[in-house]
Amino acid sequence: MKNRISALLLGTALTFASANLALAQDKTVKIGSLSDQSGLYSDLGGPGSTLAAQMAVEDSGLLAKGWKIDVISGDHQNKPDIGSTIARQWFDVDKVDVIVDVPNSGVALAVNNVVKEKNGVYINSGAATSDLTNAQCTPNTVHWTYDTYMLAHSTGQALVKSGGDTWFFLTADYAFGAALERDTTAVVTANGGKVLGSVKHPLNTSDFSSFLLQAQSSKAKIIGLANAGGDTTNSIKQAAEFGIVSGGQKLAALLLFLTDVKALGLDIAQGLNFTETFYWDMNDQTRAFSKRFSERSKGHAMPSMVQAGVYAGLRHYFKALEALGGNPHDGTKIVEKMKSIPTEDDLFGKGEIQPNGRAIHPAYLFEVKKPSESKGPWDFYKLVATVPADQAFTPLSESKCALLKK
């Protein structure tokens, strides 16, 4: 009897050992780049984000070590139901391990829930809502690059302190716009300013005339553009036609991307202040990466901070998989490992991932150059101020993330 029990226990132990060994040796990964592939956010994410993911795979060194890593892409069309359907199919049918990018906060919040349900990994760099690391945080999500808190507390605060103490908001009518207006309003009022009103506009609208007239008639010193991508460029162009800036009001592009400045041209965009966490011309490392990216991108575009975030987030993800000795296909376990390793890469520098999933790194207040100051086709920014990593994002003491209560 003792021999039978010993044999049974030995067999069980060997079974567990074999299973663990197989798990450690599993070196397959599938990445889903979920973005707006053809709409108003396609230039800042889209095919460029898929390229950034592919470059992260190539630069990780894992392929030479026997790993098999695939990248697929999908178009959420800025619709939460389509985004969540794609994410669900990716996990159930295509066996995707990690989803990256996802511009559009409404889509991001929907995908966030699916990733948690399926115990995958979600590295967001495209959506801005700070709710991803606050009220709707999960143990499966890491928020890279930027968020509405950062935008409000850098661009918004700088403008109020320089005299822009009355505001009117032009706000995209979905989760991102609401979050950005909310967070910026809190900063404006906390610094002694006043919000005189706001108006919501549909996503991807072509006519901003009625909204701009309301903003103009408010007499607010600052018209805060709580929108992004094509909506931002169209509202800025049409504001110029209405003579809003020449009339004494100032536009605050609360979220502006390199691709937006390219679309606007320096004649219209010059003088705009905004915050980003990545710019291709910051140092030798960012220039080297951006040159490689540009050689392969559509129109030889330089990378946006969203695309840079896809690259950096995946590079850190791969570090976690290597540290685990393989892919456990367990999202919470992988994200836990990602949080335990300090972040460091050529694009964002040194930082960390906080317990609520927020990746922290420095942020930069930029101003768009005058045409006479630009020395090349993508030479658009001049640095105004640097916000240290520990000051750029929501303090943990203010975060509403339930993970912090454990």
# chains A, B, ... in the order shown; residues from 1 in each chain; ligands from 1
>>> residues_around(residues="segment 160-168 of chain A", least_positions_apart="3", cutoff="10 Å", atoms="only C-alpha atoms", output="ChimeraX atom specification")
/A:155-157,171,181,184-185,187-199,214-225,249-252
>>> select_by_dssp(residues="segment 52-245 of chain A", states="alpha helix (DSSP H)", output="ChimeraX atom specification")
/A:52-60,80-92,105-118,148-151,157-161,175-190,209-217,230-241
>>> residues_around(residues="Gly230 of chain A", least_positions_apart="4", cutoff="8 Å", atoms="only C-alpha atoms", output="mmCIF file with N, CA and C atoms, in the first residue's frame")
data_model
loop_
_atom_site.group_PDB
_atom_site.id
_atom_site.type_symbol
_atom_site.label_atom_id
_atom_site.label_comp_id
_atom_site.auth_asym_id
_atom_site.auth_seq_id
_atom_site.Cartn_x
_atom_site.Cartn_y
_atom_site.Cartn_z
ATOM 1 N N LEU A 40 -10.550 59.225 -38.544
ATOM 2 C CA LEU A 40 -9.891 60.447 -38.099
ATOM 3 C C LEU A 40 -8.690 60.214 -37.189
ATOM 4 N N TYR A 41 -8.525 59.001 -36.646
ATOM 5 C CA TYR A 41 -7.371 58.698 -35.806
ATOM 6 C C TYR A 41 -6.370 57.763 -36.486
ATOM 7 N N ASN A 204 -16.058 63.294 -35.367
ATOM 8 C CA ASN A 204 -15.752 63.331 -36.798
ATOM 9 C C ASN A 204 -16.722 64.218 -37.587
ATOM 10 N N ASN A 234 -9.689 70.239 -37.756
ATOM 11 C CA ASN A 234 -10.802 70.951 -38.394
ATOM 12 C C ASN A 234 -11.272 72.135 -37.565
ATOM 13 N N ASP A 260 -1.219 65.934 -36.419
ATOM 14 C CA ASP A 260 -2.157 67.058 -36.510
ATOM 15 C C ASP A 260 -1.435 68.314 -36.998
#
>>> atom_distance(atom1="atom CA of His201 of chain A", atom2="atom CA of Thr232 of chain A")
11.4 Å
>>> closest_atom_pairs(of="segment 88-132 of chain A", to="segment 299-321 of chain A", cutoff="12 Å", atoms="only C-alpha atoms", output="Markdown table")
| residue | atom | partner | partner_atom | distance |
| --- | --- | --- | --- | --- |
| A:Asp97 | CA | A:Tyr317 | CA | 10.9 |
| A:Val98 | CA | A:Leu314 | CA | 9.0 |
| A:Ile99 | CA | A:Val310 | CA | 9.8 |
| A:Val100 | CA | A:Val310 | CA | 6.3 |
| A:Asp101 | CA | A:Val310 | CA | 6.0 |
| A:Val102 | CA | A:Val306 | CA | 9.4 |
| A:Pro103 | CA | A:Val306 | CA | 8.3 |
| A:Asn104 | CA | A:Val306 | CA | 11.7 |
| A:Val121 | CA | A:Tyr317 | CA | 9.2 |
| A:Tyr122 | CA | A:Gly313 | CA | 9.8 |
| A:Ile123 | CA | A:Gly313 | CA | 6.4 |
| A:Asn124 | CA | A:Val310 | CA | 7.7 |
| A:Ser125 | CA | A:Val306 | CA | 5.3 |
| A:Gly126 | CA | A:Val306 | CA | 5.3 |
| A:Ala127 | CA | A:Val306 | CA | 8.7 |
| A:Ala128 | CA | A:Val306 | CA | 10.1 |
>>> write_last_selection(atoms="C-alpha atoms", output="compact mmCIF listing (two decimals), in the first residue's frame")
# COMPACT_ATOMS: atom_id res chain seq x y z
CA ASP A 97 -2.45 37.26 -25.91
CA VAL A 98 -2.16 41.04 -25.83
CA ILE A 99 -4.07 43.95 -27.38
CA VAL A 100 -2.29 47.26 -28.03
CA ASP A 101 -3.14 50.82 -29.13
CA VAL A 102 -7.00 51.35 -29.20
CA PRO A 103 -7.47 55.10 -29.74
CA ASN A 104 -10.98 56.31 -28.79
CA VAL A 121 -3.21 41.74 -21.48
CA TYR A 122 -4.16 45.23 -22.65
CA ILE A 123 -1.43 47.83 -23.23
CA ASN A 124 -3.24 51.04 -24.06
CA SER A 125 -1.38 53.92 -25.66
CA GLY A 126 -4.09 55.34 -27.90
CA ALA A 127 -6.98 56.23 -25.60
CA ALA A 128 -6.76 59.13 -23.16
>>> residues_around(residues="Lys370 of chain A", least_positions_apart="3", cutoff="8 Å", atoms="only C-alpha atoms", output="short mmCIF file (atom, residue, chain, number, x, y, z; two decimals) with C-alpha atoms, in the first residue's frame")
data_model
loop_
_atom_site.label_atom_id
_atom_site.label_comp_id
_atom_site.auth_asym_id
_atom_site.auth_seq_id
_atom_site.Cartn_x
_atom_site.Cartn_y
_atom_site.Cartn_z
CA LEU A 266 2.97 75.69 -39.40
CA ASP A 267 1.25 78.81 -40.75
CA GLN A 270 2.35 78.12 -34.95
CA GLY A 271 2.23 79.20 -31.33
CA GLU A 373 12.10 78.41 -37.16
CA SER A 374 11.55 75.01 -38.77
#
>>> closest_residue(among="A:Asn327, A:Ser340, A:Asn78, A:Asn113", to="Val29 of chain A", atoms="only C-alpha atoms")
A:Asn327
>>> atom_distance(atom1="atom CA of Ala389 of chain A", atom2="atom CA of Gly357 of chain A")
14.6 Å
>>> closest_residue(among="A:Phe278, A:Lys298, A:Ala175, A:Ala110", to="Pro47 of chain A", atoms="only C-alpha atoms")
A:Lys298
>>> select_by_dssp(residues="segment 30-196 of chain A", states="strand (DSSP E)", output="ChimeraX atom specification")
/A:30-35,68-75,98-101,121-124,141-143,166-172,194-196
>>> atom_distance(atom1="atom CA of Asp390 of chain A", atom2="atom CA of Asp183 of chain A")
18.0 Å
>>> residues_around(residues="Thr205 of chain A", least_positions_apart="2", cutoff="12 Å", atoms="only C-alpha atoms", output="list in words")
Gly39, Leu40, Thr171, Ala172, Asp173, Lys200, His201, Pro202, Leu203, Asp207, Phe208, Ser209, Ser210, Phe211, Asn227, Ala228, Gly229, Gly230, Asp231, Thr232, Thr233, Asn234 and Ser235 of chain A
>>> closest_residue(among="A:Phe393, A:Leu383, A:Gln354, A:Val142", to="Ile334 of chain A", atoms="only C-alpha atoms")
A:Val142
>>> residues_around(residues="Thr138 of chain A", least_positions_apart="2", cutoff="8 Å", atoms="only C-alpha atoms", output="list of chain:residue names")
A:Asn112, A:Lys116, A:Leu132, A:Thr133, A:Gln136, A:Asn140, A:Thr141, A:Asn356, A:Gly357, A:Leu403
>>> closest_residue(among="A:Gly376, A:Gly66, A:Gly247, A:Gly32", to="Ala53 of chain A", atoms="only C-alpha atoms")
A:Gly32
